[in-house]
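The next block is model34.csv, given as CSV, C-alpha atoms.
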```csv
chain,number,residue,atom,x,y,z
A,1,MET,CA,210.0,122.5,148.6
A,2,GLY,CA,211.3,120.4,151.6
A,3,GLY,CA,214.4,118.5,151.8
A,4,LYS,CA,215.0,115.1,150.5
A,5,GLY,CA,214.2,113.6,153.9
A,6,ASP,CA,211.0,115.6,154.7
A,7,ALA,CA,208.0,113.4,155.5
A,8,PRO,CA,204.4,114.2,154.5
A,9,PRO,CA,202.3,115.7,157.2
A,10,PRO,CA,200.4,113.2,159.3
A,11,ILE,CA,196.7,112.4,158.6
A,12,ASP,CA,194.1,112.6,161.3
A,13,PRO,CA,191.7,109.7,160.6
A,14,GLY,CA,188.9,111.2,162.6
A,15,GLU,CA,189.2,114.5,160.6
A,16,SER,CA,189.5,112.6,157.4
A,17,MET,CA,186.4,110.5,158.1
A,18,GLY,CA,184.5,113.6,159.2
A,19,LYS,CA,185.3,115.4,156.0
A,20,TYR,CA,184.4,112.3,153.9
A,21,LEU,CA,181.0,111.9,155.6
A,22,PHE,CA,179.9,115.4,156.5
A,23,GLY,CA,182.0,117.8,154.3
A,24,GLN,CA,184.8,120.3,154.9
A,25,ASP,CA,182.8,122.2,157.5
A,26,PHE,CA,182.0,119.2,159.7
A,27,GLU,CA,183.7,120.8,162.6
A,28,SER,CA,181.0,123.4,162.7
A,29,PHE,CA,178.4,120.7,163.8
A,30,GLY,CA,177.9,120.0,167.5
A,31,GLY,CA,178.3,116.2,167.3
A,32,VAL,CA,176.2,113.5,165.9
A,33,THR,CA,173.1,114.7,167.8
A,34,ASP,CA,173.3,118.1,166.1
A,35,PRO,CA,169.8,118.8,164.5
A,36,ALA,CA,171.4,120.2,161.4
A,37,LEU,CA,173.6,117.2,161.0
A,38,GLN,CA,170.6,114.9,161.5
A,39,GLU,CA,168.6,116.8,158.9
A,40,ARG,CA,171.5,116.3,156.4
A,41,LEU,CA,171.6,112.6,157.2
A,42,ILE,CA,167.8,112.2,156.8
A,43,ALA,CA,167.9,114.1,153.6
A,44,ALA,CA,170.7,111.8,152.3
A,45,GLU,CA,168.8,108.7,153.3
A,46,GLU,CA,165.6,109.9,151.6
A,47,GLN,CA,167.4,110.6,148.4
A,48,PHE,CA,169.7,107.5,148.1
A,49,ARG,CA,168.1,104.7,150.2
A,50,PRO,CA,165.5,103.7,147.6
A,51,ARG,CA,168.2,103.3,145.0
A,52,TYR,CA,170.3,101.2,147.4
A,53,ALA,CA,167.2,99.1,148.2
A,54,ALA,CA,166.5,98.6,144.5
A,55,LEU,CA,170.1,97.4,144.0
A,56,GLU,CA,169.8,95.0,146.9
A,57,LEU,CA,166.5,93.6,145.6
A,58,GLN,CA,168.0,93.2,142.2
A,59,ASP,CA,170.9,91.3,143.8
A,60,ILE,CA,168.5,89.0,145.6
A,61,GLN,CA,166.5,88.3,142.4
A,62,THR,CA,169.8,87.5,140.6
A,63,PHE,CA,170.8,85.2,143.5
A,64,ALA,CA,167.4,83.4,143.4
A,65,GLN,CA,166.7,83.2,139.6
A,66,GLY,CA,170.2,83.6,138.2
A,67,THR,CA,171.1,85.3,135.0
A,68,ASP,CA,171.2,84.3,131.3
A,69,GLY,CA,173.1,81.0,131.2
A,70,THR,CA,173.8,81.0,135.0
A,71,PRO,CA,171.4,79.1,137.2
A,72,GLY,CA,170.0,80.6,140.4
A,73,LEU,CA,169.3,79.2,143.9
A,74,PHE,CA,165.9,77.9,142.8
A,75,ASP,CA,167.4,76.1,139.9
A,76,LEU,CA,170.1,74.6,142.1
A,77,LEU,CA,167.5,73.5,144.7
A,78,GLU,CA,165.3,71.9,142.1
A,79,GLU,CA,168.3,70.1,140.6
A,80,SER,CA,169.5,68.9,144.0
A,81,GLN,CA,166.0,67.6,144.9
A,82,VAL,CA,165.7,65.7,141.6
A,83,ARG,CA,169.2,64.2,142.2
A,84,ALA,CA,168.4,63.4,145.8
A,85,GLY,CA,165.2,61.6,144.7
A,86,ASP,CA,167.1,59.6,142.1
A,87,ILE,CA,169.7,58.7,144.7
A,88,GLN,CA,167.0,57.8,147.2
A,89,ARG,CA,165.1,55.5,144.8
A,90,GLU,CA,168.3,53.9,143.6
A,91,SER,CA,169.4,53.3,147.2
A,92,LEU,CA,166.0,52.0,148.2
A,93,ALA,CA,165.9,49.6,145.2
A,94,LYS,CA,169.3,48.2,146.1
A,95,GLN,CA,168.4,47.9,149.8
A,96,ARG,CA,165.1,46.2,149.1
A,97,ALA,CA,166.7,43.8,146.6
A,98,ALA,CA,169.3,42.9,149.2
A,99,ASP,CA,166.7,42.5,151.9
A,100,VAL,CA,164.5,40.3,149.7
A,101,ALA,CA,167.4,38.1,148.7
A,102,ALA,CA,168.5,37.7,152.4
A,103,LEU,CA,164.9,36.8,153.4
A,104,GLU,CA,164.5,34.4,150.5
A,105,GLU,CA,167.8,32.7,151.5
A,106,PHE,CA,167.5,32.6,155.2
A,107,SER,CA,163.8,32.7,156.1
A,108,PRO,CA,163.2,28.9,155.7
A,109,GLN,CA,166.1,28.2,158.0
A,110,VAL,CA,165.0,30.7,160.6
A,111,VAL,CA,161.4,29.5,160.6
A,112,GLU,CA,162.6,25.9,160.9
A,113,ALA,CA,164.9,26.8,163.7
A,114,TYR,CA,162.0,28.6,165.6
A,115,ARG,CA,159.8,25.5,165.0
A,116,LYS,CA,162.4,23.2,166.4
A,117,ALA,CA,163.0,25.5,169.4
A,118,ASP,CA,159.3,25.3,170.3
A,119,PRO,CA,157.9,22.0,168.9
A,120,ARG,CA,154.7,22.1,171.0
A,121,SER,CA,153.7,25.5,169.5
A,122,ALA,CA,154.6,24.3,166.0
A,123,GLU,CA,152.3,21.2,166.5
A,124,LEU,CA,149.4,23.4,167.7
A,125,ALA,CA,149.9,25.7,164.8
A,126,ASP,CA,149.9,22.9,162.3
A,127,LEU,CA,146.8,21.4,164.0
A,128,ALA,CA,145.1,24.8,163.7
A,129,SER,CA,146.0,25.0,160.0
A,130,GLN,CA,144.5,21.6,159.4
A,131,LYS,CA,141.4,22.5,161.4
A,132,ALA,CA,141.0,25.7,159.3
A,133,GLN,CA,140.9,23.7,156.1
A,134,GLU,CA,138.2,21.3,157.3
A,135,ASP,CA,134.8,21.7,155.6
A,136,LEU,CA,132.1,22.4,158.2
A,137,GLY,CA,129.3,21.5,155.8
A,138,LEU,CA,127.4,24.7,156.7
A,139,ALA,CA,128.0,26.3,153.3
A,140,ALA,CA,126.7,23.3,151.5
A,141,LYS,CA,123.6,23.1,153.7
A,142,GLY,CA,123.1,26.9,153.2
A,143,GLN,CA,123.4,26.5,149.4
A,144,GLU,CA,120.9,23.7,149.6
A,145,LEU,CA,118.5,25.8,151.6
A,146,LEU,CA,119.0,28.8,149.3
A,147,GLY,CA,118.0,26.6,146.3
A,148,SER,CA,114.8,25.5,148.0
A,149,GLU,CA,111.7,25.8,145.8
A,150,LEU,CA,108.2,26.8,146.8
A,151,GLN,CA,106.2,23.8,147.8
A,152,LYS,CA,103.2,22.9,145.7
A,153,ALA,CA,99.7,23.7,147.0
A,154,SER,CA,98.2,20.9,149.1
A,155,GLU,CA,95.0,19.2,148.1
A,156,ALA,CA,93.1,21.1,150.9
A,157,GLU,CA,94.5,24.5,149.7
A,158,GLN,CA,93.5,23.7,146.1
A,159,LYS,CA,90.0,22.6,147.3
A,160,LEU,CA,89.6,25.8,149.3
A,161,LEU,CA,90.6,28.0,146.3
A,162,GLU,CA,88.4,26.0,143.9
A,163,THR,CA,85.3,26.1,146.2
A,164,GLY,CA,85.9,29.7,147.0
A,165,GLY,CA,86.1,30.6,143.3
A,166,LYS,CA,82.9,28.9,142.6
A,167,LEU,CA,81.1,30.4,145.6
A,168,ALA,CA,82.4,33.9,144.9
A,169,ASP,CA,81.3,33.7,141.2
A,170,LEU,CA,78.8,36.5,140.5
A,171,SER,CA,76.8,34.3,138.3
A,172,PRO,CA,73.6,33.3,140.2
A,173,THR,CA,72.9,29.7,141.2
A,174,GLU,CA,69.8,27.8,140.0
A,175,GLN,CA,67.9,28.5,143.2
A,176,GLU,CA,68.9,32.2,143.2
A,177,ALA,CA,67.8,32.5,139.6
A,178,VAL,CA,64.4,30.9,140.4
A,179,LEU,CA,63.9,33.3,143.3
A,180,LYS,CA,65.0,36.3,141.3
A,181,LYS,CA,62.7,35.4,138.4
A,182,SER,CA,59.7,34.8,140.7
A,183,GLY,CA,60.4,37.9,142.6
A,184,ILE,CA,60.6,40.0,139.5
A,185,GLU,CA,57.4,38.5,138.2
A,186,LEU,CA,55.5,39.1,141.5
A,187,ALA,CA,57.0,42.6,141.9
A,188,SER,CA,55.8,43.7,138.5
A,189,LEU,CA,53.4,46.6,138.5
A,190,THR,CA,51.4,45.1,135.6
A,191,PRO,CA,48.2,43.7,137.2
A,192,THR,CA,47.2,40.1,137.0
A,193,GLU,CA,44.0,38.9,135.2
A,194,GLN,CA,42.2,38.7,138.5
A,195,GLU,CA,43.4,42.1,139.7
A,196,ALA,CA,42.4,43.6,136.3
A,197,LEU,CA,38.9,42.1,136.6
A,198,LEU,CA,38.5,43.5,140.1
A,199,GLN,CA,39.7,46.9,139.0
A,200,GLN,CA,37.4,46.9,136.1
A,201,ARG,CA,34.3,45.8,138.1
A,202,GLY,CA,35.2,48.2,140.9
A,203,THR,CA,35.5,51.1,138.4
A,204,GLU,CA,32.2,50.2,136.8
A,205,PHE,CA,30.4,50.0,140.2
A,206,LEU,CA,31.9,53.4,141.2
A,207,LYS,CA,30.3,54.9,138.1
A,208,SER,CA,26.9,53.4,138.9
A,209,THR,CA,23.8,55.7,138.6
A,210,GLY,CA,21.5,53.3,140.4
A,211,GLU,CA,19.4,52.6,137.3
A,212,LEU,CA,17.0,49.7,138.0
A,213,SER,CA,16.4,46.9,135.6
A,214,GLN,CA,12.9,46.1,134.3
A,215,LEU,CA,12.5,43.3,136.8
A,216,GLU,CA,13.7,45.5,139.7
A,217,LYS,CA,11.3,48.3,138.6
A,218,ARG,CA,8.3,45.8,138.4
A,219,ARG,CA,9.1,44.4,141.9
A,220,VAL,CA,9.3,47.9,143.4
A,221,GLU,CA,6.1,49.0,141.7
A,222,GLN,CA,4.3,45.8,142.9
A,223,GLN,CA,5.5,46.3,146.4
A,224,ALA,CA,4.3,50.0,146.4
A,225,ARG,CA,0.8,49.0,144.9
A,226,ALA,CA,0.4,46.3,147.4
A,227,GLY,CA,1.1,48.8,150.2
A,228,SER,CA,-1.4,51.2,148.8
A,229,LEU,CA,-4.1,48.5,148.4
A,230,ALA,CA,-3.4,47.4,152.0
A,231,ARG,CA,-4.1,51.0,153.1
A,232,GLY,CA,-7.3,51.0,151.1
A,233,ARG,CA,-6.1,53.2,148.3
A,234,GLU,CA,-6.8,52.8,144.6
A,235,LEU,CA,-4.5,53.6,141.7
A,236,ASP,CA,-4.8,57.3,142.1
A,237,LYS,CA,-2.2,60.1,141.8
A,238,SER,CA,-1.1,59.5,145.3
A,239,SER,CA,-0.5,55.9,144.6
A,240,LEU,CA,1.5,56.7,141.4
A,241,TYR,CA,3.5,59.3,143.4
A,242,GLY,CA,4.3,56.6,146.0
A,243,GLU,CA,5.4,54.2,143.3
A,244,MET,CA,7.7,56.9,141.9
A,245,GLN,CA,9.2,57.6,145.3
A,246,ALA,CA,9.7,54.0,146.0
A,247,ARG,CA,11.4,53.6,142.6
A,248,MET,CA,13.7,56.6,143.2
A,249,ALA,CA,14.6,55.4,146.7
A,250,GLU,CA,15.4,52.0,145.3
A,251,GLU,CA,17.6,53.5,142.6
A,252,LEU,CA,19.4,55.6,145.2
A,253,SER,CA,19.9,52.6,147.5
A,254,LYS,CA,21.2,50.6,144.5
A,255,GLN,CA,23.6,53.3,143.6
A,256,GLU,CA,25.0,53.5,147.1
A,257,ARG,CA,25.3,49.7,147.2
A,258,GLU,CA,27.1,49.5,143.9
A,259,ILE,CA,29.5,52.4,144.8
A,260,ALA,CA,30.3,50.7,148.1
A,261,LEU,CA,30.8,47.4,146.2
A,262,GLY,CA,33.1,49.2,143.7
A,263,SER,CA,35.2,50.7,146.5
A,264,GLN,CA,35.4,47.3,148.1
A,265,LEU,CA,36.5,45.6,144.8
A,266,LEU,CA,39.1,48.3,144.2
A,267,GLY,CA,40.4,47.8,147.7
A,268,GLN,CA,40.7,44.1,147.2
A,269,ASP,CA,42.5,44.8,143.9
A,270,PHE,CA,45.0,47.1,145.7
A,271,GLY,CA,45.5,44.7,148.6
A,272,MET,CA,46.1,41.8,146.2
A,273,ARG,CA,48.6,43.9,144.2
A,274,MET,CA,50.4,45.1,147.3
A,275,GLN,CA,50.5,41.5,148.7
A,276,ARG,CA,51.9,40.3,145.4
A,277,VAL,CA,54.5,43.1,145.2
A,278,GLY,CA,55.5,42.5,148.8
A,279,GLN,CA,56.0,38.7,148.1
A,280,GLY,CA,58.1,39.6,145.1
A,281,ALA,CA,60.3,42.0,147.1
A,282,ASN,CA,60.6,39.3,149.8
A,283,LEU,CA,61.8,36.8,147.2
A,284,LEU,CA,64.2,39.3,145.7
A,285,SER,CA,65.6,40.1,149.2
A,286,GLN,CA,66.0,36.3,149.8
A,287,GLU,CA,67.8,36.0,146.5
A,288,ALA,CA,70.1,38.9,147.4
A,289,GLY,CA,70.8,37.5,150.9
A,290,MET,CA,71.6,34.1,149.5
A,291,ARG,CA,73.9,35.6,146.9
A,292,ASP,CA,75.7,37.8,149.5
A,293,ARG,CA,76.1,34.9,151.9
A,294,ARG,CA,77.4,32.7,149.1
A,295,ILE,CA,79.9,35.3,147.9
A,296,GLY,CA,81.0,36.0,151.5
A,297,MET,CA,81.6,32.3,152.1
A,298,GLY,CA,83.5,32.1,148.9
A,299,GLY,CA,85.7,35.1,150.0
A,300,GLN,CA,86.4,33.3,153.3
A,301,PHE,CA,87.4,30.2,151.5
A,302,LEU,CA,89.7,32.2,149.1
A,303,GLN,CA,91.2,34.0,152.1
A,304,ALA,CA,91.9,30.7,153.8
A,305,GLY,CA,93.5,29.3,150.7
A,306,GLU,CA,95.6,32.5,150.2
A,307,GLY,CA,96.6,32.2,153.9
A,308,LEU,CA,97.9,28.7,153.3
A,309,ALA,CA,99.8,29.9,150.2
A,310,ALA,CA,101.3,32.8,152.2
A,311,GLN,CA,102.4,30.3,154.8
A,312,ARG,CA,104.1,28.3,152.2
A,313,ARG,CA,105.9,31.4,150.8
A,314,ASN,CA,106.9,32.4,154.4
A,315,GLU,CA,108.4,29.0,155.0
A,316,LEU,CA,110.4,29.2,151.8
A,317,LEU,CA,111.7,32.7,152.8
A,318,LYS,CA,112.7,31.3,156.3
A,319,GLN,CA,114.6,28.5,154.6
A,320,GLN,CA,116.4,30.8,152.3
A,321,GLN,CA,117.2,33.2,155.2
A,322,LEU,CA,118.5,30.2,157.2
A,323,GLY,CA,120.6,29.1,154.2
A,324,ALA,CA,122.2,32.6,154.0
A,325,SER,CA,122.8,32.6,157.7
A,326,LEU,CA,124.5,29.2,157.5
A,327,ILE,CA,126.7,30.4,154.7
A,328,GLY,CA,127.6,33.5,156.7
A,329,GLN,CA,128.4,31.5,159.8
A,330,ASP,CA,130.6,29.1,157.7
A,331,ALA,CA,132.5,32.0,156.3
A,332,GLY,CA,132.9,33.6,159.7
A,333,ILE,CA,134.1,30.4,161.4
A,334,MET,CA,136.5,29.7,158.5
A,335,GLY,CA,137.8,33.2,158.7
A,336,GLN,CA,138.4,33.0,162.4
A,337,ARG,CA,140.1,29.6,162.0
A,338,LEU,CA,142.4,30.9,159.2
A,339,GLN,CA,143.2,34.0,161.2
A,340,GLN,CA,144.0,32.0,164.3
A,341,ALA,CA,146.1,29.5,162.3
A,342,TYR,CA,147.9,32.4,160.5
A,343,GLY,CA,148.6,34.1,163.8
A,344,MET,CA,150.0,31.0,165.4
A,345,GLN,CA,152.2,30.2,162.4
A,346,ARG,CA,153.3,33.8,162.1
A,347,GLY,CA,154.0,33.9,165.8
A,348,ILE,CA,156.3,30.9,165.5
A,349,ALA,CA,158.2,32.6,162.6
A,350,GLY,CA,159.0,35.6,164.7
A,351,ASP,CA,160.4,38.8,163.3
A,352,LEU,CA,162.2,37.5,160.3
A,353,GLY,CA,163.4,41.0,159.3
A,354,SER,CA,165.2,41.7,162.6
A,355,ALA,CA,166.4,38.1,162.9
A,356,ILE,CA,167.9,37.9,159.4
A,357,LEU,CA,168.8,41.5,158.6
A,358,GLY,CA,169.8,42.5,162.1
A,359,ARG,CA,168.6,46.0,161.6
A,360,PRO,CA,165.6,48.0,160.5
A,361,SER,CA,165.2,48.9,156.9
A,362,GLN,CA,167.4,51.9,155.8
A,363,ALA,CA,164.8,53.2,153.3
A,364,LEU,CA,163.0,55.3,155.9
A,365,ALA,CA,166.2,56.7,157.3
A,366,LEU,CA,167.5,57.6,153.8
A,367,GLY,CA,164.2,59.3,152.9
A,368,GLY,CA,164.2,61.3,156.1
A,369,SER,CA,167.7,62.5,155.7
A,370,THR,CA,166.9,63.7,152.1
A,371,LYS,CA,163.9,65.6,153.3
A,372,SER,CA,165.8,67.2,156.1
A,373,SER,CA,168.6,68.4,153.7
A,374,THR,CA,166.0,69.9,151.4
A,375,ARG,CA,164.1,71.6,154.2
A,376,ALA,CA,167.4,73.0,155.5
A,377,SER,CA,168.3,74.5,152.1
A,378,SER,CA,164.9,76.1,151.8
A,379,TRP,CA,165.2,77.6,155.2
A,380,ALA,CA,168.6,79.0,154.4
A,381,TYR,CA,167.3,80.6,151.3
A,382,GLY,CA,164.3,82.1,153.1
A,383,ALA,CA,166.6,83.5,155.8
A,384,SER,CA,168.8,85.2,153.2
A,385,THR,CA,165.8,87.0,151.7
A,386,ILE,CA,164.5,88.5,155.0
```
structure tokens encoding of this file:
Amino acid sequence: MGGKGDAPPPIDPGESMGKYLFGQDFESFGGVTDPALQERLIAAEEQFRPRYAALELQDIQTFAQGTDGTPGLFDLLEESQVRAGDIQRESLAKQRAADVAALEEFSPQVVEAYRKADPRSAELADLASQKAQEDLGLAAKGQELLGSELQKASEAEQKLLETGGKLADLSPTEQEAVLKKSGIELASLTPTEQEALLQQRGTEFLKSTGELSQLEKRRVEQQARAGSLARGRELDKSSLYGEMQARMAEELSKQEREIALGSQLLGQDFGMRMQRVGQGANLLSQEAGMRDRRIGMGGQFLQAGEGLAAQRRNELLKQQQLGASLIGQDAGIMGQRLQQAYGMQRGIAGDLGSAILGRPSQALALGGSTKSSTRASSWAYGASTI
């Protein structure tokens, strides 16, 4: 053992730090850039850095959210914001109450002072205020026009509608009814008594065989015998044959005459019937034309009456539109007058806040400072977590 006064051997700090960091054989490494040393450092980082990082994240979470019974940074920030809001509202309420009281106390005096300082402007402003309250009469006239009622139909309009209604009636007039009745009667296909007689006689003659009456036979025979006697013939077979030929020729001639007469009678019957039917159609056409003209004229009268009624409705609409326009003009003019009077009066009053309080309101400044302090605290917390 050493003596009483022996001192411990000196400690080399570099050697001590090297042994602490790199072990007893740190002197065998070739400096901090030695690959073996770097491998040991990387291995140590890979093994222990995740654990250190977990401890740091846990510390940050504890710092932000706190522990059981101990508030964290978020709790403190929330509490400070609530407190700052309460202080801001309390300060604003006091400031506003003081500003309102000062304005209530000194505003009349300030306004009166401004008015006395510029009496001409005050007079003009008062005159504008009086003018703004005057009734233009436009609104009353507009209300009167809006309440207008539709005018009654004139006597001419009523006459047009009444006459048009009568003319446009589908019921036939007396003259039209007579024409229609006569036309229908004439246009009927049923033959008249005269036409039926002609048709009957014509049909009978067409069926004629040419048979001679006893008188006609006697006359033909006498003429034939007289001819034979004149030629020096007696009543022989030749004369009898001549009488028979004469009788047959007369029968044939009679048949031809009667057939021709029957055709003529049937033609007359057909002509009379066609003439009668044509007259009936002509009367019916006249009746239809008269009815169409009457209805058309009635439609014209009704259209003219409706035109007068539409004109009355259009005039009423124009009056109501004019009334609404007058009411709008009255409101616009009154609004302009009031705005002008208010602007003039307000211009005389000046900036009462600056004149009485001598400063802008402190409410905005206080609110701005509170927001700035909150924003700075949030920024500080964010920077600490990076």
Atom CA of Leu198 of chain A and atom CA of Leu215 of chain A, how far apart in Å?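 Separating atom CA of Leu215 of chain A from atom CA of Leu198 of chain A is a distance of 26.2 Å.
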Rank A:Leu77, A:Ala132, A:Leu170, A:Leu266 by their smallest atom-to-atom distance to Gln336 of chain A, using all atoms listed in the file, and report the top residue only. A:Ala132
Could you list, as a VMD selection string, every residue within 10 Å of segment 247-250 of chain A, counting all atoms listed in the file and ignoring same-chain residues fewer than 2 positions away? chain A and resid 210 to 212 216 to 221 224 241 to 245 252 to 256
When distances are computed from only C-alpha atoms, which of A:Pro108, A:Pro191, A:Gly66, A:Gly14 shows the smallest separation from Arg276 of chain A?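 Closest candidate: A:Pro191.
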Length of the atom CA of Leu146 of chain A to atom CA of Leu308 of chain A vector [Å]: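 Those two atoms sit 21.5 Å apart.
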